[in-house]
file start.csv (CSV, C-alpha atoms)
chain,number,residue,atom,x,y,z
A,14,MET,CA,85.2,-248.6,15.5
A,15,SER,CA,88.9,-248.3,16.5
A,16,VAL,CA,91.4,-251.2,16.0
A,17,LEU,CA,94.3,-251.1,18.4
A,18,ASP,CA,97.5,-253.0,18.4
A,19,GLY,CA,98.8,-254.9,21.4
A,20,SER,CA,100.3,-251.7,22.9
A,21,GLY,CA,97.1,-249.8,22.7
A,22,THR,CA,98.2,-247.7,19.7
A,23,LEU,CA,95.5,-246.9,17.1
A,24,LYS,CA,96.1,-249.2,14.1
A,25,LYS,CA,93.0,-248.5,12.0
A,26,THR,CA,89.5,-247.1,12.1
A,27,ILE,CA,86.6,-249.1,10.6
A,28,ASN,CA,83.6,-247.0,9.6
A,29,LEU,CA,80.6,-249.0,10.5
A,30,ILE,CA,78.2,-246.6,8.7
A,31,ALA,CA,80.3,-246.1,5.6
A,32,ASP,CA,77.6,-247.2,3.2
A,33,TYR,CA,74.6,-245.6,5.0
A,34,ASN,CA,73.1,-242.2,3.9
A,35,PRO,CA,71.6,-240.7,7.1
A,36,ILE,CA,69.6,-238.2,5.0
A,37,ASP,CA,67.5,-240.6,3.0
A,38,GLY,CA,68.2,-243.9,4.8
A,39,THR,CA,69.6,-245.6,1.7
A,40,ILE,CA,72.3,-248.3,1.8
A,41,GLN,CA,74.8,-248.4,-1.0
A,42,ASP,CA,78.2,-250.3,-1.4
A,43,ARG,CA,80.3,-247.2,-1.7
A,44,ASP,CA,83.8,-248.8,-2.0
A,45,GLY,CA,82.7,-251.6,-4.3
A,46,ASP,CA,83.8,-254.4,-2.1
A,47,GLY,CA,80.4,-256.2,-2.5
A,48,GLN,CA,79.5,-255.7,1.2
A,49,ALA,CA,77.3,-252.8,2.3
A,50,THR,CA,78.0,-251.8,5.9
A,51,VAL,CA,75.3,-250.5,8.2
A,52,GLY,CA,76.4,-250.7,11.8
A,53,ILE,CA,74.1,-248.0,13.4
A,54,LEU,CA,74.5,-247.6,17.1
A,55,PRO,CA,76.8,-250.6,18.0
A,56,ILE,CA,76.2,-251.9,21.5
A,57,GLN,CA,78.4,-254.9,22.1
A,58,LEU,CA,81.4,-255.9,20.0
A,59,PRO,CA,82.9,-259.2,21.3
A,60,VAL,CA,86.0,-260.7,19.8
A,61,SER,CA,85.9,-264.5,19.3
A,62,PRO,CA,88.0,-266.5,21.8
A,63,ASP,CA,90.5,-267.3,19.1
A,64,GLY,CA,90.8,-263.6,18.1
A,65,ARG,CA,89.7,-264.4,14.5
A,66,SER,CA,86.4,-262.4,14.3
A,67,VAL,CA,84.4,-259.7,15.9
A,68,VAL,CA,80.6,-259.5,15.8
A,69,VAL,CA,78.9,-256.1,16.3
A,70,ALA,CA,75.4,-256.0,17.6
A,71,ASN,CA,73.8,-252.8,16.3
A,72,MET,CA,70.6,-251.2,17.5
A,73,GLY,CA,70.0,-250.4,13.9
A,74,GLU,CA,68.9,-254.0,13.3
A,75,SER,CA,72.1,-255.5,11.9
A,76,ILE,CA,74.9,-257.8,13.0
A,77,ILE,CA,78.3,-257.0,11.4
A,78,VAL,CA,81.0,-259.6,11.2
A,79,ILE,CA,84.6,-258.3,11.0
A,80,ASP,CA,87.6,-260.4,9.9
A,81,THR,CA,90.4,-259.5,12.3
A,82,MET,CA,93.1,-260.8,9.9
A,83,THR,CA,92.2,-258.0,7.5
A,84,ASP,CA,90.3,-255.6,9.8
A,85,ARG,CA,87.5,-255.5,7.3
A,86,VAL,CA,83.8,-255.9,7.5
A,87,VAL,CA,83.0,-259.2,5.6
A,88,LYS,CA,79.3,-259.7,6.3
A,89,MET,CA,76.2,-258.0,7.5
A,90,LEU,CA,73.3,-260.1,8.8
A,91,PRO,CA,69.8,-259.0,9.8
A,92,CYS,CA,68.9,-258.7,13.5
A,93,ASP,CA,65.7,-258.0,15.3
A,94,ALA,CA,64.9,-254.5,16.5
A,95,GLY,CA,67.1,-253.3,19.3
A,96,CYS,CA,70.0,-255.7,18.6
A,97,HIS,CA,72.0,-255.5,21.8
A,98,GLY,CA,73.7,-258.3,23.7
A,99,ALA,CA,76.4,-260.5,22.1
A,100,ASN,CA,79.0,-263.1,23.1
A,101,PHE,CA,80.7,-266.2,21.8
A,102,GLY,CA,80.5,-269.8,22.8
A,103,ALA,CA,82.1,-273.0,21.6
A,104,LYS,CA,80.7,-274.8,18.6
A,105,LYS,CA,80.6,-278.6,18.7
A,106,GLY,CA,83.5,-279.9,16.6
A,107,GLY,CA,85.5,-276.7,16.6
A,108,GLY,CA,85.1,-273.0,16.1
A,109,TYR,CA,82.6,-270.7,17.8
A,110,TYR,CA,79.0,-269.4,17.6
A,111,ALA,CA,78.1,-265.8,18.4
A,112,TYR,CA,74.9,-265.4,20.4
A,113,VAL,CA,73.0,-262.1,19.9
A,114,THR,CA,69.9,-260.9,21.8
A,115,SER,CA,67.7,-257.9,21.0
A,116,LYS,CA,65.9,-255.5,23.3
A,117,PHE,CA,62.6,-255.6,21.4
A,118,SER,CA,62.5,-259.3,20.5
A,119,ASN,CA,62.1,-262.5,22.5
A,120,GLU,CA,64.7,-264.4,20.4
A,121,LEU,CA,68.4,-265.1,20.6
A,122,ILE,CA,70.1,-265.3,17.2
A,123,VAL,CA,72.9,-267.8,16.7
A,124,VAL,CA,75.6,-266.7,14.2
A,125,ASP,CA,78.1,-269.0,12.7
A,126,THR,CA,81.0,-266.7,11.7
A,127,ASP,CA,82.8,-269.5,9.8
A,128,PRO,CA,80.3,-272.3,8.9
A,129,ASN,CA,82.7,-274.5,7.0
A,130,ASN,CA,85.8,-273.7,9.2
A,131,ASP,CA,87.8,-272.6,6.1
A,132,GLY,CA,88.9,-269.3,7.7
A,133,ASN,CA,86.9,-267.2,5.1
A,134,LEU,CA,84.3,-265.3,7.2
A,135,SER,CA,82.4,-263.9,4.2
A,136,ASP,CA,80.1,-266.9,4.4
A,137,ALA,CA,79.0,-266.1,8.0
A,138,MET,CA,75.4,-266.9,8.5
A,139,ILE,CA,72.5,-267.1,11.0
A,140,ALA,CA,72.7,-270.7,12.1
A,141,GLY,CA,69.5,-270.6,14.2
A,142,ARG,CA,67.3,-268.8,16.6
A,143,VAL,CA,66.3,-269.6,20.2
A,144,SER,CA,63.0,-268.4,21.7
A,145,LEU,CA,63.4,-266.5,24.9
A,146,VAL,CA,59.7,-266.5,25.8
A,147,SER,CA,59.3,-267.2,29.5
A,148,ASP,CA,58.0,-270.5,30.6
A,149,SER,CA,55.6,-270.2,33.5
A,150,SER,CA,56.3,-273.9,34.5
A,151,VAL,CA,59.9,-273.0,35.4
A,152,PRO,CA,60.4,-272.1,39.1
A,153,ALA,CA,61.1,-268.4,39.6
A,154,ASP,CA,61.9,-266.2,42.7
A,155,ASP,CA,59.2,-263.7,41.9
A,156,GLN,CA,56.2,-263.1,39.6
A,157,ILE,CA,56.8,-261.5,36.2
A,158,SER,CA,54.7,-258.3,36.3
A,159,SER,CA,54.8,-257.5,32.5
A,160,LEU,CA,56.7,-257.9,29.3
A,161,ALA,CA,57.5,-261.6,29.9
A,162,GLY,CA,60.7,-262.5,28.0
A,163,TYR,CA,61.4,-258.8,27.1
A,164,GLY,CA,64.8,-258.9,25.4
A,165,GLY,CA,68.1,-257.1,25.6
A,166,GLN,CA,69.7,-259.6,27.8
A,167,GLY,CA,73.4,-259.9,28.0
A,168,VAL,CA,74.8,-263.3,26.9
A,169,LEU,CA,77.0,-265.7,28.9
A,170,ALA,CA,77.7,-268.9,27.1
A,171,ILE,CA,78.5,-271.8,29.3
A,172,PRO,CA,81.1,-273.1,29.4
A,173,ASN,CA,83.0,-269.8,29.2
A,174,VAL,CA,85.7,-270.6,26.5
A,175,TYR,CA,87.7,-267.4,26.7
A,176,ASN,CA,91.4,-268.1,27.3
A,177,SER,CA,91.7,-267.4,31.1
A,178,TRP,CA,88.5,-269.3,31.8
A,179,VAL,CA,88.9,-272.3,29.5
A,180,LYS,CA,92.1,-273.3,31.2
A,181,ASN,CA,90.2,-273.8,34.5
A,182,LEU,CA,87.2,-275.7,33.2
A,183,PRO,CA,86.2,-279.0,34.9
A,184,GLY,CA,87.4,-282.0,33.0
A,185,GLU,CA,84.0,-283.2,31.8
A,186,TRP,CA,83.4,-279.8,30.1
A,187,LYS,CA,87.0,-279.4,28.8
A,188,GLU,CA,87.0,-282.9,27.1
A,189,GLN,CA,84.1,-281.8,24.9
A,190,LEU,CA,86.2,-279.0,23.4
A,191,THR,CA,88.6,-279.4,20.5
A,192,ALA,CA,92.3,-278.8,21.2
A,193,ALA,CA,92.1,-275.4,19.4
A,194,GLN,CA,89.1,-274.4,21.6
A,195,GLN,CA,91.1,-275.3,24.7
A,196,ASP,CA,94.2,-273.4,23.5
A,197,PRO,CA,93.4,-270.8,20.8
A,198,SER,CA,97.1,-270.4,20.0
A,199,LEU,CA,96.8,-273.8,18.1
A,200,ARG,CA,94.5,-272.1,15.6
A,201,GLN,CA,95.6,-272.5,12.0
A,202,ASP,CA,95.1,-269.6,9.6

call {"tool": "encode", "arguments": {"input": "start.csv", "output": "structure tokens"}}
result
Amino acid sequence: MSVLDGSGTLKKTINLIADYNPIDGTIQDRDGDGQATVGILPIQLPVSPDGRSVVVANMGESIIVIDTMTDRVVKMLPCDAGCHGANFGAKKGGGYYAYVTSKFSNELIVVDTDPNNDGNLSDAMIAGRVSLVSDSSVPADDQISSLAGYGGQGVLAIPNVYNSWVKNLPGEWKEQLTAAQQDPSLRQD
């Protein structure tokens, strides 16, 4: 994964498979930082609205959390087969959740990249799961022919709290966000 500065110049490269041996499939913490990294086939890599973290949805059944202050992988979490779609949404009381879907699973995984809001992302965790199994009682515009709830969906969290969008939210949505969610430049590091 390439890290670019504001002008588009390459700043650093993060090896998402540094600790993976493709010959025997073993995972080993090669640099001794206490975090084995296995980001095989990354699909979506959204940056949080405050620019503090990146989540990497990997087809190789993992979710990688990267701290943008250090440009280092700080956590690897399990993901269902075909880990695919990812995006961020506001967390009540401040911060953000990352939402991750998988192609071969009917669940959405909710990741809290900073559960205690202390700025240390190494305690990132799976905060919950949401079933995506279709509900036949919900009106639809057509019949599902097979594979109801089949995963791999993209994710759009409502309200959209990325900078350009959050500024134009209706008042009733905006008032539910913290000041830092409404204006990420207020973030304290």

call {"tool": "closest_residue", "arguments": {"input": "start.csv", "among": "A:Thr26, A:Gln156, A:Ser144, A:Thr39", "to": "Thr114 in chain A", "atoms": "only C-alpha atoms"}}
result
A:Ser144

call {"tool": "atom_distance", "arguments": {"input": "start.csv", "atom1": "CA of Leu134 in chain A", "atom2": "CA of Val86 in chain A"}}
result
9.4 Å

call {"tool": "closest_residue", "arguments": {"input": "start.csv", "among": "A:Pro172, A:Pro152, A:Gly95, A:Gly108", "to": "Leu121 in chain A", "atoms": "only C-alpha atoms"}}
result
A:Gly95

call {"tool": "atom_distance", "arguments": {"input": "start.csv", "atom1": "CA of Ala192 in chain A", "atom2": "CA of Asn133 in chain A"}}
result
20.6 Å

call {"tool": "closest_residue", "arguments": {"input": "start.csv", "among": "A:Val168, A:Asp155, A:Gly64, A:Gly132", "to": "Tyr112 in chain A", "atoms": "all atoms listed in the file"}}
result
A:Val168

call {"tool": "closest_residue", "arguments": {"input": "start.csv", "among": "A:Gln41, A:Val113, A:Trp186, A:Gly106", "to": "Pro128 in chain A", "atoms": "all atoms listed in the file"}}
result
A:Gly106

call {"tool": "atom_distance", "arguments": {"input": "start.csv", "atom1": "CA of Gly98 in chain A", "atom2": "CA of Leu58 in chain A"}}
result
8.9 Å

call {"tool": "closest_residue", "arguments": {"input": "start.csv", "among": "A:Asn100, A:Leu145, A:Met138, A:Pro59", "to": "Ser118 in chain A", "atoms": "all atoms listed in the file"}}
result
A:Leu145

call {"tool": "closest_residue", "arguments": {"input": "start.csv", "among": "A:Ser75, A:Ser61, A:Ser135, A:Ser150", "to": "Gln194 in chain A", "atoms": "all atoms listed in the file"}}
result
A:Ser61

call {"tool": "residues_around", "arguments": {"input": "start.csv", "residues": "Gln57 in chain A", "least_positions_apart": "2", "cutoff": "8 Å", "atoms": "only C-alpha atoms", "output": "PyMOL selection string"}}
result
chain A and resi 55+59+69-71+97-99

call {"tool": "residues_around", "arguments": {"input": "start.csv", "residues": "Tyr33 in chain A", "least_positions_apart": "3", "cutoff": "9 Å", "atoms": "all atoms listed in the file", "output": "PyMOL selection string"}}
result
chain A and resi 29-30+36-43+49-53

call {"tool": "residues_around", "arguments": {"input": "start.csv", "residues": "Ala103 in chain A", "least_positions_apart": "4", "cutoff": "12 Å", "atoms": "all atoms listed in the file", "output": "PyMOL selection string"}}
result
chain A and resi 61-63+107-112+123-126+169-176+179+186-187+189-195+197

call {"tool": "build_atoms", "arguments": {"input": "start.csv", "residues": "range 77-96 of chain A", "atoms": "N, CA and C atoms", "output": "PDB file, in the frame of the given file"}}
result
ATOM      1  N   ILE A  77      77.121-257.126  12.335  1.00  0.00           N
ATOM      2  CA  ILE A  77      78.300-257.000  11.400  1.00  0.00           C
ATOM      3  C   ILE A  77      79.323-257.996  11.860  1.00  0.00           C
ATOM      4  N   VAL A  78      79.919-258.678  10.895  1.00  0.00           N
ATOM      5  CA  VAL A  78      81.000-259.600  11.200  1.00  0.00           C
ATOM      6  C   VAL A  78      82.287-258.989  10.579  1.00  0.00           C
ATOM      7  N   ILE A  79      83.320-258.894  11.426  1.00  0.00           N
ATOM      8  CA  ILE A  79      84.600-258.300  11.000  1.00  0.00           C
ATOM      9  C   ILE A  79      85.668-259.390  11.083  1.00  0.00           C
ATOM     10  N   ASP A  80      86.456-259.477  10.019  1.00  0.00           N
ATOM     11  CA  ASP A  80      87.600-260.400   9.900  1.00  0.00           C
ATOM     12  C   ASP A  80      88.788-259.682  10.554  1.00  0.00           C
ATOM     13  N   THR A  81      89.309-260.180  11.668  1.00  0.00           N
ATOM     14  CA  THR A  81      90.400-259.500  12.300  1.00  0.00           C
ATOM     15  C   THR A  81      91.749-259.686  11.637  1.00  0.00           C
ATOM     16  N   MET A  82      91.821-260.611  10.687  1.00  0.00           N
ATOM     17  CA  MET A  82      93.100-260.800   9.900  1.00  0.00           C
ATOM     18  C   MET A  82      93.242-259.641   8.921  1.00  0.00           C
ATOM     19  N   THR A  83      92.115-259.089   8.453  1.00  0.00           N
ATOM     20  CA  THR A  83      92.200-258.000   7.500  1.00  0.00           C
ATOM     21  C   THR A  83      91.606-256.695   8.023  1.00  0.00           C
ATOM     22  N   ASP A  84      90.980-256.758   9.206  1.00  0.00           N
ATOM     23  CA  ASP A  84      90.300-255.600   9.800  1.00  0.00           C
ATOM     24  C   ASP A  84      89.284-255.003   8.848  1.00  0.00           C
ATOM     25  N   ARG A  85      88.528-255.893   8.215  1.00  0.00           N
ATOM     26  CA  ARG A  85      87.500-255.500   7.300  1.00  0.00           C
ATOM     27  C   ARG A  85      86.156-256.116   7.639  1.00  0.00           C
ATOM     28  N   VAL A  86      85.095-255.370   7.360  1.00  0.00           N
ATOM     29  CA  VAL A  86      83.800-255.900   7.500  1.00  0.00           C
ATOM     30  C   VAL A  86      83.565-256.908   6.352  1.00  0.00           C
ATOM     31  N   VAL A  87      83.174-258.142   6.682  1.00  0.00           N
ATOM     32  CA  VAL A  87      83.000-259.200   5.600  1.00  0.00           C
ATOM     33  C   VAL A  87      81.561-259.616   5.480  1.00  0.00           C
ATOM     34  N   LYS A  88      80.705-259.272   6.449  1.00  0.00           N
ATOM     35  CA  LYS A  88      79.300-259.700   6.300  1.00  0.00           C
ATOM     36  C   LYS A  88      78.413-258.846   7.184  1.00  0.00           C
ATOM     37  N   MET A  89      77.208-258.613   6.691  1.00  0.00           N
ATOM     38  CA  MET A  89      76.200-258.000   7.500  1.00  0.00           C
ATOM     39  C   MET A  89      74.964-258.892   7.466  1.00  0.00           C
ATOM     40  N   LEU A  90      74.450-259.180   8.651  1.00  0.00           N
ATOM     41  CA  LEU A  90      73.300-260.100   8.800  1.00  0.00           C
ATOM     42  C   LEU A  90      72.159-259.299   9.450  1.00  0.00           C
ATOM     43  N   PRO A  91      70.925-259.688   9.177  1.00  0.00           N
ATOM     44  CA  PRO A  91      69.800-259.000   9.800  1.00  0.00           C
ATOM     45  C   PRO A  91      69.676-259.358  11.278  1.00  0.00           C
ATOM     46  N   CYS A  92      69.169-258.425  12.035  1.00  0.00           N
ATOM     47  CA  CYS A  92      68.900-258.700  13.500  1.00  0.00           C
ATOM     48  C   CYS A  92      67.585-258.048  13.802  1.00  0.00           C
ATOM     49  N   ASP A  93      66.996-258.513  14.878  1.00  0.00           N
ATOM     50  CA  ASP A  93      65.700-258.000  15.300  1.00  0.00           C
ATOM     51  C   ASP A  93      65.910-256.563  15.868  1.00  0.00           C
ATOM     52  N   ALA A  94      64.819-255.835  15.995  1.00  0.00           N
ATOM     53  CA  ALA A  94      64.900-254.500  16.500  1.00  0.00           C
ATOM     54  C   ALA A  94      65.551-254.418  17.868  1.00  0.00           C
ATOM     55  N   GLY A  95      66.443-253.448  18.037  1.00  0.00           N
ATOM     56  CA  GLY A  95      67.100-253.300  19.300  1.00  0.00           C
ATOM     57  C   GLY A  95      68.240-254.294  19.527  1.00  0.00           C
ATOM     58  N   CYS A  96      68.869-254.760  18.461  1.00  0.00           N
ATOM     59  CA  CYS A  96      70.000-255.700  18.600  1.00  0.00           C
ATOM     60  C   CYS A  96      70.957-255.224  19.612  1.00  0.00           C
TER      61      CYS A  96
END
